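Chemist: Contents of coords_18.txt (compact mmCIF, C-alpha atoms) are below:
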```
# COMPACT_ATOMS: atom_id res chain seq x y z
CA MET A 24 57.20 -40.51 12.52
CA LYS A 25 54.21 -40.55 14.85
CA MET A 26 53.49 -36.90 14.04
CA LYS A 27 53.60 -37.69 10.31
CA LYS A 28 51.13 -40.57 10.70
CA LEU A 29 48.85 -38.39 12.80
CA LEU A 30 48.97 -35.67 10.14
CA ILE A 31 48.07 -38.20 7.43
CA ILE A 32 45.09 -39.35 9.50
CA LEU A 33 43.92 -35.79 10.17
CA LEU A 34 44.35 -34.43 6.64
CA PRO A 35 40.93 -35.61 5.33
CA PHE A 36 39.17 -34.06 8.33
CA ILE A 37 41.09 -30.80 7.91
CA ALA A 38 40.12 -30.74 4.22
CA VAL A 39 36.44 -31.29 5.03
CA ILE A 40 36.43 -28.54 7.68
CA GLY A 41 38.22 -26.22 5.25
CA LEU A 42 35.65 -26.92 2.55
CA ILE A 43 32.80 -26.24 4.98
CA LEU A 44 34.36 -22.95 6.07
CA PHE A 45 35.04 -21.93 2.46
CA ASN A 46 31.44 -22.64 1.40
CA ALA A 47 30.13 -20.76 4.42
CA PHE A 48 32.33 -17.78 3.55
CA LYS A 49 31.27 -17.94 -0.10
CA LYS A 50 27.59 -18.11 0.85
CA ALA A 51 27.96 -15.17 3.23
CA THR A 52 29.83 -13.18 0.57
CA ASN A 53 27.23 -13.96 -2.07
CA SER A 54 24.45 -13.09 0.37
CA SER A 55 26.16 -9.79 1.14
CA LYS A 56 26.55 -9.04 -2.57
CA ARG A 57 22.91 -10.01 -3.20
CA ASP A 58 21.70 -7.74 -0.39
CA ALA A 59 23.78 -4.88 -1.74
CA VAL A 60 22.49 -5.42 -5.26
CA SER A 61 18.91 -5.73 -4.02
CA ALA A 62 19.07 -2.51 -2.00
CA GLY A 63 18.79 -4.41 1.26
CA LEU A 64 15.49 -6.06 0.29
CA THR A 65 14.63 -9.73 0.42
CA LEU A 66 12.99 -10.77 -2.86
CA PRO A 67 12.02 -14.02 -4.62
CA ASP A 68 14.66 -15.71 -6.76
CA GLY A 69 15.39 -13.87 -9.98
CA PHE A 70 14.25 -10.47 -8.70
CA ASN A 71 16.51 -7.52 -8.04
CA ALA A 72 15.91 -4.13 -6.40
CA THR A 73 17.82 -0.92 -7.01
CA ILE A 74 17.54 2.40 -5.18
CA ILE A 75 17.16 4.86 -8.04
CA ALA A 76 16.41 7.97 -5.95
CA ASP A 77 16.74 8.95 -2.30
CA ASN A 78 16.00 11.74 0.16
CA LEU A 79 13.16 13.14 -1.94
CA GLY A 80 10.93 13.98 1.00
CA HIS A 81 7.88 12.08 2.22
CA ALA A 82 7.23 10.27 -1.07
CA ARG A 83 3.68 8.93 -1.23
CA HIS A 84 2.02 7.68 -4.45
CA LEU A 85 3.70 7.77 -7.85
CA VAL A 86 3.14 7.09 -11.54
CA VAL A 87 5.57 6.22 -14.34
CA THR A 88 4.93 7.64 -17.81
CA PRO A 89 5.29 5.53 -20.97
CA GLN A 90 8.47 7.51 -21.64
CA GLY A 91 9.91 6.44 -18.29
CA ASP A 92 9.58 9.63 -16.25
CA ILE A 93 8.64 9.04 -12.60
CA ILE A 94 6.13 11.45 -11.08
CA VAL A 95 6.10 11.42 -7.27
CA HIS A 96 3.67 13.14 -4.91
CA LEU A 97 5.14 14.25 -1.58
CA ALA A 98 3.00 14.25 1.57
CA SER A 99 4.15 17.78 2.31
CA PRO A 100 6.02 20.26 0.10
CA LYS A 101 9.81 20.14 0.15
CA ASP A 102 11.51 23.39 -0.77
CA GLY A 103 8.06 24.74 -1.56
CA VAL A 104 6.95 22.06 -4.05
CA GLY A 105 4.93 18.86 -3.64
CA ILE A 106 5.25 17.08 -7.02
CA VAL A 107 8.60 15.89 -8.35
CA ILE A 108 9.26 14.51 -11.84
CA LEU A 109 12.35 12.32 -12.15
CA ARG A 110 14.18 11.40 -15.34
CA GLN A 111 15.64 7.88 -15.38
CA GLN A 112 19.19 7.40 -16.59
CA GLY A 113 20.50 3.88 -16.08
CA ASN A 114 20.00 2.90 -12.44
CA LYS A 115 19.49 6.47 -11.26
CA ALA A 116 16.62 8.93 -11.46
CA THR A 117 17.32 12.64 -11.07
CA PRO A 118 14.90 15.56 -10.67
CA LYS A 119 13.74 16.97 -13.98
CA LEU A 120 10.93 19.26 -12.81
CA SER A 121 9.28 20.16 -9.50
CA PHE A 122 6.01 22.05 -9.14
CA GLY A 123 2.77 22.34 -7.16
CA ASN A 124 2.74 24.20 -3.85
CA PHE A 125 0.67 21.49 -2.13
CA GLY A 126 1.45 18.15 -0.52
CA GLY A 127 -0.76 15.11 -0.74
CA THR A 128 -1.00 11.45 -1.70
CA GLY A 129 -3.08 10.86 -4.83
CA ILE A 130 -1.47 10.96 -8.28
CA ALA A 131 -2.68 9.47 -11.58
CA ILE A 132 -2.48 9.89 -15.35
CA LYS A 133 -5.53 9.51 -17.60
CA ASN A 134 -6.62 10.78 -21.01
CA GLY A 135 -3.93 13.42 -21.40
CA TYR A 136 -4.00 14.79 -17.85
CA LEU A 137 -2.01 14.39 -14.67
CA TYR A 138 -4.31 14.28 -11.62
CA ALA A 139 -3.05 15.09 -8.11
CA SER A 140 -4.79 15.63 -4.78
CA ASN A 141 -4.14 17.39 -1.52
CA ASN A 142 -6.24 16.81 1.60
CA THR A 143 -9.27 18.79 0.36
CA ASP A 144 -9.03 19.06 -3.43
CA VAL A 145 -8.19 17.25 -6.64
CA PHE A 146 -6.32 19.10 -9.40
CA ARG A 147 -5.22 18.27 -12.92
CA TYR A 148 -2.51 19.39 -15.36
CA LYS A 149 -2.62 19.12 -19.14
CA LEU A 150 0.00 16.82 -20.73
CA ASN A 151 1.55 16.98 -24.18
CA ASN A 152 1.95 14.00 -26.52
CA ARG A 153 5.10 12.96 -24.60
CA ASP A 154 3.15 12.89 -21.31
CA GLU A 155 4.96 15.98 -20.04
CA VAL A 156 3.19 18.68 -18.03
CA ILE A 157 2.66 21.62 -20.38
CA SER A 158 2.14 24.39 -17.82
CA PRO A 159 3.15 23.40 -14.27
CA SER A 160 1.87 26.70 -12.87
CA GLN A 161 -1.58 26.32 -14.46
CA GLN A 162 -3.50 23.74 -12.48
CA GLU A 163 -7.21 23.16 -12.90
CA THR A 164 -9.40 22.34 -9.91
CA VAL A 165 -11.50 19.22 -10.52
CA VAL A 166 -12.96 18.78 -7.01
CA THR A 167 -12.83 21.15 -4.06
CA GLY A 168 -14.04 21.41 -0.47
CA LEU A 169 -13.63 17.81 0.69
CA LEU A 170 -13.54 17.19 4.43
CA SER A 171 -10.17 17.16 6.18
CA ARG A 172 -10.25 16.86 9.97
CA ARG A 173 -6.65 15.88 10.92
CA THR A 174 -7.39 12.14 11.05
CA HIS A 175 -7.23 10.02 7.86
CA GLU A 176 -6.78 13.10 5.68
CA PRO A 177 -5.11 11.74 2.49
CA LYS A 178 -7.36 11.80 -0.57
CA ALA A 179 -6.19 8.81 -2.58
CA ILE A 180 -7.60 8.67 -6.11
CA ALA A 181 -8.29 6.29 -8.99
CA LEU A 182 -9.84 6.69 -12.47
CA ASP A 183 -11.84 4.25 -14.57
CA ASP A 184 -12.23 4.01 -18.36
CA ASP A 185 -15.64 5.71 -18.41
CA GLY A 186 -14.57 9.19 -17.34
CA ASN A 187 -15.05 8.77 -13.60
CA LEU A 188 -12.80 9.86 -10.74
CA TYR A 189 -12.90 8.03 -7.39
CA VAL A 190 -11.74 9.76 -4.19
CA ASN A 191 -11.31 8.33 -0.71
CA ILE A 192 -12.71 10.49 2.08
CA GLY A 193 -11.51 8.89 5.30
CA ALA A 194 -13.41 8.88 8.58
CA TYR A 195 -12.01 11.47 10.97
CA SER A 196 -12.38 8.98 13.81
CA ASN A 197 -11.29 5.54 14.93
CA ILE A 198 -14.75 4.08 15.50
CA CYS A 199 -17.16 7.08 15.62
CA SER A 200 -17.77 6.70 19.37
CA GLU A 201 -17.13 10.42 20.03
CA PHE A 202 -19.91 11.28 17.56
CA ASP A 203 -22.20 8.40 18.48
CA PRO A 204 -21.76 7.79 22.25
CA HIS A 205 -25.01 5.85 22.57
CA GLY A 206 -24.54 3.57 19.57
CA LYS A 207 -27.56 4.93 17.70
CA GLY A 208 -25.86 5.47 14.34
CA CYS A 209 -22.72 7.22 13.11
CA PRO A 210 -23.60 10.74 11.88
CA ILE A 211 -20.40 11.39 9.87
CA LEU A 212 -21.19 8.80 7.19
CA ASP A 213 -22.95 11.40 5.05
CA SER A 214 -19.69 13.10 4.11
CA ALA A 215 -16.83 10.76 5.11
CA ALA A 216 -15.87 7.08 5.54
CA GLY A 217 -16.42 6.14 1.92
CA ILE A 218 -15.48 6.46 -1.73
CA TRP A 219 -16.97 9.38 -3.68
CA GLN A 220 -17.35 9.38 -7.45
CA PHE A 221 -16.93 12.52 -9.58
CA LYS A 222 -16.56 13.31 -13.28
CA ALA A 223 -12.92 13.37 -14.35
CA ASP A 224 -13.45 16.11 -16.96
CA LYS A 225 -15.67 18.52 -15.02
CA LEU A 226 -14.09 21.39 -13.09
CA ASN A 227 -14.88 22.90 -9.70
CA GLN A 228 -17.04 20.07 -8.45
CA THR A 229 -18.14 19.84 -4.81
CA TYR A 230 -19.92 17.18 -2.79
CA ALA A 231 -23.15 18.22 -4.50
CA ASP A 232 -21.75 17.26 -7.92
CA GLY A 233 -20.52 13.82 -6.89
CA ASN A 234 -22.11 10.78 -5.32
CA ARG A 235 -21.14 8.41 -2.57
CA TYR A 236 -20.06 5.36 -4.55
CA ALA A 237 -19.43 3.10 -1.54
CA ALA A 238 -19.95 3.60 2.20
CA GLY A 239 -18.69 2.16 5.47
CA LEU A 240 -14.96 2.36 4.72
CA ARG A 241 -12.96 3.72 7.66
CA ASN A 242 -9.97 4.81 5.58
CA VAL A 243 -8.63 3.83 2.18
CA VAL A 244 -5.19 4.86 0.94
CA GLY A 245 -4.54 2.06 -1.53
CA LEU A 246 -7.11 1.85 -4.33
CA ALA A 247 -6.96 0.87 -7.99
CA TRP A 248 -9.23 0.23 -10.95
CA ASN A 249 -8.98 -3.42 -12.01
CA GLU A 250 -9.09 -3.52 -15.81
CA GLN A 251 -9.55 -7.30 -15.84
CA ASP A 252 -13.07 -7.17 -14.43
CA ASN A 253 -13.75 -3.41 -14.73
CA GLN A 254 -14.15 -2.87 -11.00
CA LEU A 255 -12.80 -0.67 -8.21
CA PHE A 256 -10.69 -2.42 -5.56
CA VAL A 257 -9.69 -0.77 -2.27
CA MET A 258 -7.61 -1.58 0.80
CA GLN A 259 -9.18 -0.52 4.10
CA HIS A 260 -7.28 0.37 7.26
CA GLY A 261 -9.11 -1.48 10.06
CA ARG A 262 -10.09 0.01 13.40
CA ASP A 263 -7.89 0.19 16.52
CA GLU A 264 -8.18 -0.36 20.30
CA LEU A 265 -10.40 -3.41 20.68
CA HIS A 266 -8.71 -4.31 23.97
CA ASN A 267 -8.24 -0.76 25.26
CA LEU A 268 -11.91 0.05 24.79
CA PHE A 269 -13.30 -3.37 25.69
CA PRO A 270 -10.79 -5.21 27.92
CA LYS A 271 -13.38 -7.74 29.09
CA LEU A 272 -14.12 -8.85 25.52
CA TYR A 273 -10.69 -8.82 23.86
CA THR A 274 -7.22 -9.76 25.09
CA VAL A 275 -4.20 -7.66 24.22
CA HIS A 276 -3.12 -10.41 21.82
CA GLN A 277 -6.49 -10.39 20.04
CA SER A 278 -6.32 -6.61 19.79
CA ALA A 279 -2.86 -6.88 18.19
CA GLU A 280 -4.12 -9.20 15.46
CA LEU A 281 -7.63 -7.82 14.91
CA PRO A 282 -9.38 -6.58 12.98
CA ALA A 283 -8.13 -7.55 9.54
CA GLU A 284 -6.85 -5.11 6.96
CA CYS A 285 -9.30 -5.79 4.13
CA MET A 286 -9.43 -5.78 0.36
CA PHE A 287 -12.86 -4.94 -1.02
CA ALA A 288 -14.14 -5.23 -4.59
CA LEU A 289 -16.69 -2.43 -4.85
CA LYS A 290 -19.80 -1.83 -6.85
CA LYS A 291 -21.92 1.30 -6.65
CA GLY A 292 -24.02 1.31 -3.50
CA ASP A 293 -21.91 -1.18 -1.55
CA ASN A 294 -21.56 -0.73 2.21
CA ALA A 295 -18.54 -2.26 3.98
CA GLY A 296 -20.07 -1.62 7.41
CA TRP A 297 -17.75 0.73 9.32
CA PRO A 298 -18.19 1.53 12.22
CA TYR A 299 -20.72 -1.22 12.89
CA VAL A 300 -18.64 -4.08 11.54
CA TYR A 301 -15.10 -5.42 11.61
CA TYR A 302 -13.62 -8.48 9.90
CA ASP A 303 -12.01 -11.31 11.86
CA TRP A 304 -9.45 -12.86 9.53
CA MET A 305 -8.90 -15.84 11.85
CA GLN A 306 -12.59 -16.78 11.91
CA ASN A 307 -13.15 -15.54 8.34
CA LYS A 308 -16.27 -13.71 9.47
CA ASN A 309 -17.74 -10.23 9.52
CA MET A 310 -18.28 -9.45 13.20
CA LEU A 311 -20.64 -7.03 14.93
CA GLY A 312 -18.63 -4.22 16.54
CA PRO A 313 -18.60 -4.09 20.34
CA GLU A 314 -19.85 -0.48 20.33
CA TYR A 315 -23.04 -1.80 18.73
CA GLY A 316 -23.67 -4.91 20.81
CA GLY A 317 -20.92 -7.21 19.59
CA ASP A 318 -18.94 -9.46 21.90
CA GLY A 319 -16.33 -11.00 19.61
CA LYS A 320 -18.72 -13.82 18.75
CA LYS A 321 -21.80 -12.18 17.22
CA GLU A 322 -21.70 -11.96 13.45
CA ALA A 323 -22.61 -8.81 11.57
CA ASP A 324 -25.75 -8.11 9.58
CA PRO A 325 -25.32 -9.79 6.15
CA LYS A 326 -26.34 -6.55 4.40
CA TYR A 327 -22.71 -5.44 4.76
CA ILE A 328 -20.35 -6.76 2.11
CA ASN A 329 -17.53 -9.15 2.95
CA PRO A 330 -13.95 -8.45 1.92
CA VAL A 331 -12.56 -10.48 -0.97
CA ALA A 332 -9.24 -10.91 0.87
CA ALA A 333 -8.00 -10.16 4.40
CA TYR A 334 -4.63 -9.58 6.04
CA PRO A 335 -3.31 -9.35 9.63
CA GLY A 336 -4.35 -6.38 11.72
CA HIS A 337 -2.66 -2.98 11.72
CA TYR A 338 -0.31 -3.65 8.78
CA ALA A 339 -1.58 -0.36 7.23
CA PRO A 340 -2.06 -0.92 3.46
CA ASP A 341 -1.12 2.27 1.62
CA GLY A 342 -0.61 1.14 -1.98
CA LEU A 343 -2.44 -1.17 -4.41
CA LEU A 344 -1.39 -2.09 -7.94
CA PHE A 345 -2.65 -4.65 -10.45
CA TYR A 346 0.30 -6.01 -12.36
CA THR A 347 -0.32 -6.15 -16.12
CA GLY A 348 3.28 -6.29 -17.34
CA ASN A 349 5.14 -9.11 -19.08
CA GLN A 350 8.54 -8.84 -17.36
CA PHE A 351 7.64 -10.80 -14.21
CA PRO A 352 6.83 -14.55 -14.28
CA GLU A 353 3.34 -15.55 -15.42
CA LYS A 354 2.05 -16.13 -11.88
CA TYR A 355 2.15 -12.37 -11.27
CA LYS A 356 0.08 -11.43 -14.32
CA ASN A 357 -3.12 -9.60 -13.28
CA GLY A 358 -2.39 -10.22 -9.60
CA ALA A 359 -2.24 -7.48 -6.97
CA PHE A 360 0.74 -5.97 -5.20
CA ILE A 361 0.00 -4.28 -1.86
CA ALA A 362 2.36 -1.91 -0.04
CA PHE A 363 2.01 -2.22 3.73
CA HIS A 364 3.24 0.87 5.53
CA GLY A 365 3.71 -1.00 8.83
CA SER A 366 2.08 -1.03 12.25
CA TRP A 367 2.49 1.08 15.37
CA ASN A 368 -0.02 -0.62 17.67
CA ARG A 369 0.52 -4.40 17.77
CA ALA A 370 2.05 -4.49 21.27
CA PRO A 371 2.68 -6.79 23.07
CA GLU A 372 3.26 -8.56 19.74
CA PRO A 373 6.17 -7.30 17.60
CA GLN A 374 5.31 -4.53 15.17
CA ALA A 375 4.82 -5.89 11.65
CA GLY A 376 4.11 -5.02 8.05
CA TYR A 377 6.70 -2.77 6.34
CA CYS A 378 6.62 -4.95 3.23
CA VAL A 379 5.13 -5.42 -0.22
CA VAL A 380 2.96 -8.51 -0.58
CA PHE A 381 1.57 -10.26 -3.63
CA GLN A 382 -2.03 -11.45 -3.82
CA PRO A 383 -2.68 -13.97 -6.62
CA PHE A 384 -5.78 -13.33 -8.75
CA LYS A 385 -7.77 -15.45 -11.16
CA ASP A 386 -10.57 -14.13 -13.38
CA GLY A 387 -10.49 -10.78 -11.62
CA LYS A 388 -10.78 -12.12 -8.05
CA PRO A 389 -8.26 -13.08 -5.34
CA ASP A 390 -7.27 -16.72 -5.70
CA GLY A 391 -5.01 -18.37 -3.16
CA LYS A 392 -2.88 -17.29 -0.22
CA TRP A 393 -1.04 -13.99 -0.27
CA GLU A 394 2.74 -14.01 0.10
CA VAL A 395 5.42 -11.53 1.13
CA PHE A 396 7.09 -10.34 -2.08
CA ALA A 397 9.54 -7.67 -0.88
CA ASP A 398 10.73 -7.37 2.70
CA GLY A 399 13.55 -5.67 4.56
CA PHE A 400 12.39 -2.08 4.20
CA ALA A 401 12.29 -1.63 7.98
CA GLY A 402 15.96 -2.51 8.51
CA THR A 403 16.96 -4.99 11.22
CA GLU A 404 14.51 -7.30 12.93
CA GLN A 405 14.89 -5.18 16.06
CA GLN A 406 14.02 -2.00 14.15
CA LYS A 407 11.01 -3.71 12.63
CA ALA A 408 9.74 -5.25 15.87
CA SER A 409 10.03 -1.94 17.73
CA GLY A 410 8.32 0.04 14.97
CA ARG A 411 11.43 2.18 14.35
CA ALA A 412 11.46 1.33 10.66
CA VAL A 413 14.10 2.89 8.43
CA HIS A 414 11.87 2.75 5.34
CA ARG A 415 8.10 2.39 5.04
CA PRO A 416 6.54 1.32 1.72
CA CYS A 417 3.71 3.51 0.46
CA GLY A 418 3.19 3.88 -3.30
CA LEU A 419 3.39 1.39 -6.17
CA ALA A 420 3.70 1.92 -9.92
CA GLN A 421 4.45 -0.17 -12.98
CA GLY A 422 6.87 0.90 -15.70
CA ARG A 423 6.29 0.35 -19.40
CA ASP A 424 8.84 -2.48 -19.36
CA GLY A 425 7.02 -4.22 -16.48
CA SER A 426 9.35 -3.07 -13.69
CA LEU A 427 7.77 -2.37 -10.28
CA TYR A 428 8.46 0.92 -8.47
CA VAL A 429 7.98 1.38 -4.71
CA THR A 430 8.11 4.61 -2.71
CA ASP A 431 9.20 4.99 0.90
CA ASP A 432 7.64 7.96 2.65
CA ASN A 433 10.07 7.94 5.57
CA LYS A 434 13.42 8.57 3.86
CA GLY A 435 12.06 9.51 0.44
CA THR A 436 13.55 6.48 -1.30
CA ILE A 437 12.39 5.11 -4.68
CA TYR A 438 13.03 1.42 -5.37
CA LYS A 439 12.92 -0.19 -8.80
CA ILE A 440 12.30 -3.95 -8.79
CA THR A 441 13.14 -5.97 -11.90
CA TYR A 442 13.18 -9.63 -12.89
CA LYS A 443 15.69 -11.60 -14.90
CA LYS A 444 15.13 -15.26 -15.65
CA GLN A 445 17.75 -17.45 -13.99
```
What's the structure tokens form of this structure?
Modeler:
Amino acid sequence: MKMKKLLIILLPFIAVIGLILFNAFKKATNSSKRDAVSAGLTLPDGFNATIIADNLGHARHLVVTPQGDIIVHLASPKDGVGIVILRQQGNKATPKLSFGNFGGTGIAIKNGYLYASNNTDVFRYKLNNRDEVISPSQQETVVTGLLSRRTHEPKAIALDDDGNLYVNIGAYSNICSEFDPHGKGCPILDSAAGIWQFKADKLNQTYADGNRYAAGLRNVVGLAWNEQDNQLFVMQHGRDELHNLFPKLYTVHQSAELPAECMFALKKGDNAGWPYVYYDWMQNKNMLGPEYGGDGKKEADPKYINPVAAYPGHYAPDGLLFYTGNQFPEKYKNGAFIAFHGSWNRAPEPQAGYCVVFQPFKDGKPDGKWEVFADGFAGTEQQKASGRAVHRPCGLAQGRDGSLYVTDDNKGTIYKITYKKQ
């Protein structure tokens, strides 16, 4: 009898505990299903990610044709070819055509041509009315002879609506100190550390045929033409080694966070100030570089332009895309997605980046705080913090239906991110 009374008393508590355990199990199961559906990525509510291709090679930038074919540029040739065209069928994309005996980063479609770059040249291929390459073996050379000195070699590209081609030529240095030991002026700025402008329809151009559109940019891998305000936007990789080179001026923690990775809106003739300047995202100021008399407190000469947005140091921005589709919620319209490749030099802080962020825009300019849009590429928190990332985001492209595509240049994975209203 006593046992029966005790059981009656305990039944409500047992029921509550059971309900708690059931809900916890259900939540964990749903979370596991959501992670599996979203390809291991963490995304805002309503978004879903699918791995549509894998093991392609070191997949860098990509474009998606109006017909849905995905054209991917590999950093180095795989099986002898550096450009892969994938045909989408459901949630999978399979190789349709591979060509080009060169690796690289830049890839773009404009006015009936596919443009692709290696580390010294820009080529193009004629397309038919279905945006298919007509003769994969017959490439035309648009620009040749660009500098490539082992450091910051990728020649990322963008095209505007007036027949111009923009090419990044990265500085083959961290901060130019090996070329300018006395701080008198960096001599490599005449042919590197900037964006060069060429004609998109003229063949066999060299430096002499182009012009330096913008200077003082250490290295740009993510760049895009913003149709909303008809302007070139770029993402700069900031300098390294503030503490290692100047331990009396910068702590290891400051060196992990500084300088900012910067977004610049460029006009012809702009100078972003490298190597003389770096941007402190915590003070929101352009600072004079220590190699040129700076001490972490002195501000830079105002003749150098300020970034329009800034992000934590060493995140390594490798992709930039302005979203013009209608699939995603309205807040994303005309805003910018940025693919951060991830850091290697934020010690003693954990390594960071390895994500795609969203930067809101209004009237063609950044407006409001950026936010992490897609995370989880790196794997576990331990893999991320140590820098041993499984996947590293690089390229971004938008499909005709408004889907977002992301490349990973570590495992050669292609992600497709879609939205469905809840």
Chemist: With a distance cut-off of 9 Å and all atoms listed in the file, select the neighbouring residues of region 232-234 of chain A, excluding the residue or stretch itself and same-chain residues fewer than 5 positions from it, and output the selection as a ChimeraX atom specification.
Modeler: /A:166,218-222
Chemist: Find the spatial neighbours of region 75-92 of chain A, counting only C-alpha atoms, within a cut-off of 8 Å - ignore same-chain residues fewer than 6 positions away - and output them as a PyMOL selection string.
Modeler: chain A and resi 98-99+101+108-111+114-117+127-132+153-154+342+417-423+430-439
Chemist: Compile the contact shell of region 204-215 of chain A as a tab-separated table (two decimals) with C-alpha atoms, in the coordinates of the input: residues with an atom at most 6 Å away, counting all atoms listed in the file, same-chain residues fewer than 6 positions apart removed.
Modeler:
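As written to disk, out-v8.tsv reads:
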```tsv
chain	number	residue	atom	x	y	z
A	192	ILE	CA	-12.71	10.49	2.08
A	193	GLY	CA	-11.51	8.89	5.30
A	194	ALA	CA	-13.41	8.88	8.58
A	315	TYR	CA	-23.04	-1.80	18.73
```
Chemist: Counting all atoms listed in the file, which residue out of A:Arg415, A:Ser200, A:Gly387, A:Phe146 sits closest to Leu268 (chain A)?
Modeler: A:Ser200
Chemist: Please identify every residue of region 313-427 of chain A that has at least one atom no farther than 8 Å from an atom of region 270-278 of chain A, counting all atoms listed in the file, and for each give the shortest atom pair and the distance in Å to one decimal, arranged by chain then increasing number, as CSV.
Modeler:
```
residue,atom,partner,partner_atom,distance
A:Asp318,CA,A:Leu272,CA,6.1
A:Gly319,CA,A:Leu272,CA,6.7
A:Arg369,CA,A:Ser278,CA,7.5
A:Ala370,CA,A:Val275,CA,7.6
A:Pro371,CA,A:His276,CA,7.0
A:Glu372,CA,A:His276,CA,7.0
```
Chemist: If we count all atoms listed in the file and set the cut-off at 7 Å, which residues sit around region 392-401 of chain A, ignoring sequence neighbours fewer than 4 positions away in its own chain? Please answer as a ChimeraX atom specification.
Modeler: /A:63-67,377-383,406-407,412-415
Chemist: Between A:Thr403, A:Glu264, A:Ser426, A:Tyr299, which residue has the minimum interatomic distance to Trp367 (chain A), considering all atoms listed in the file?
Modeler: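 For Trp367 (chain A), the nearest of the given residues is A:Glu264.
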Chemist: Quick one: distance from CA of Ser409 (chain A) to CA of Gln306 (chain A) in Å, one decimal?
Modeler: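 CA of Ser409 (chain A) sits 27.7 Å away from CA of Gln306 (chain A).
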Chemist: Between CA of Leu169 (chain A) and CA of Phe125 (chain A), what is the spacing in Å?
Modeler: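 That distance, rounded to one decimal, is 15.0 Å.
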Chemist: Provide the CA of Met305 (chain A) to CA of Gly402 (chain A) distance in Å, to one decimal place.
Modeler: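 Straight-line distance from CA of Met305 (chain A) to CA of Gly402 (chain A) works out to 28.4 Å.
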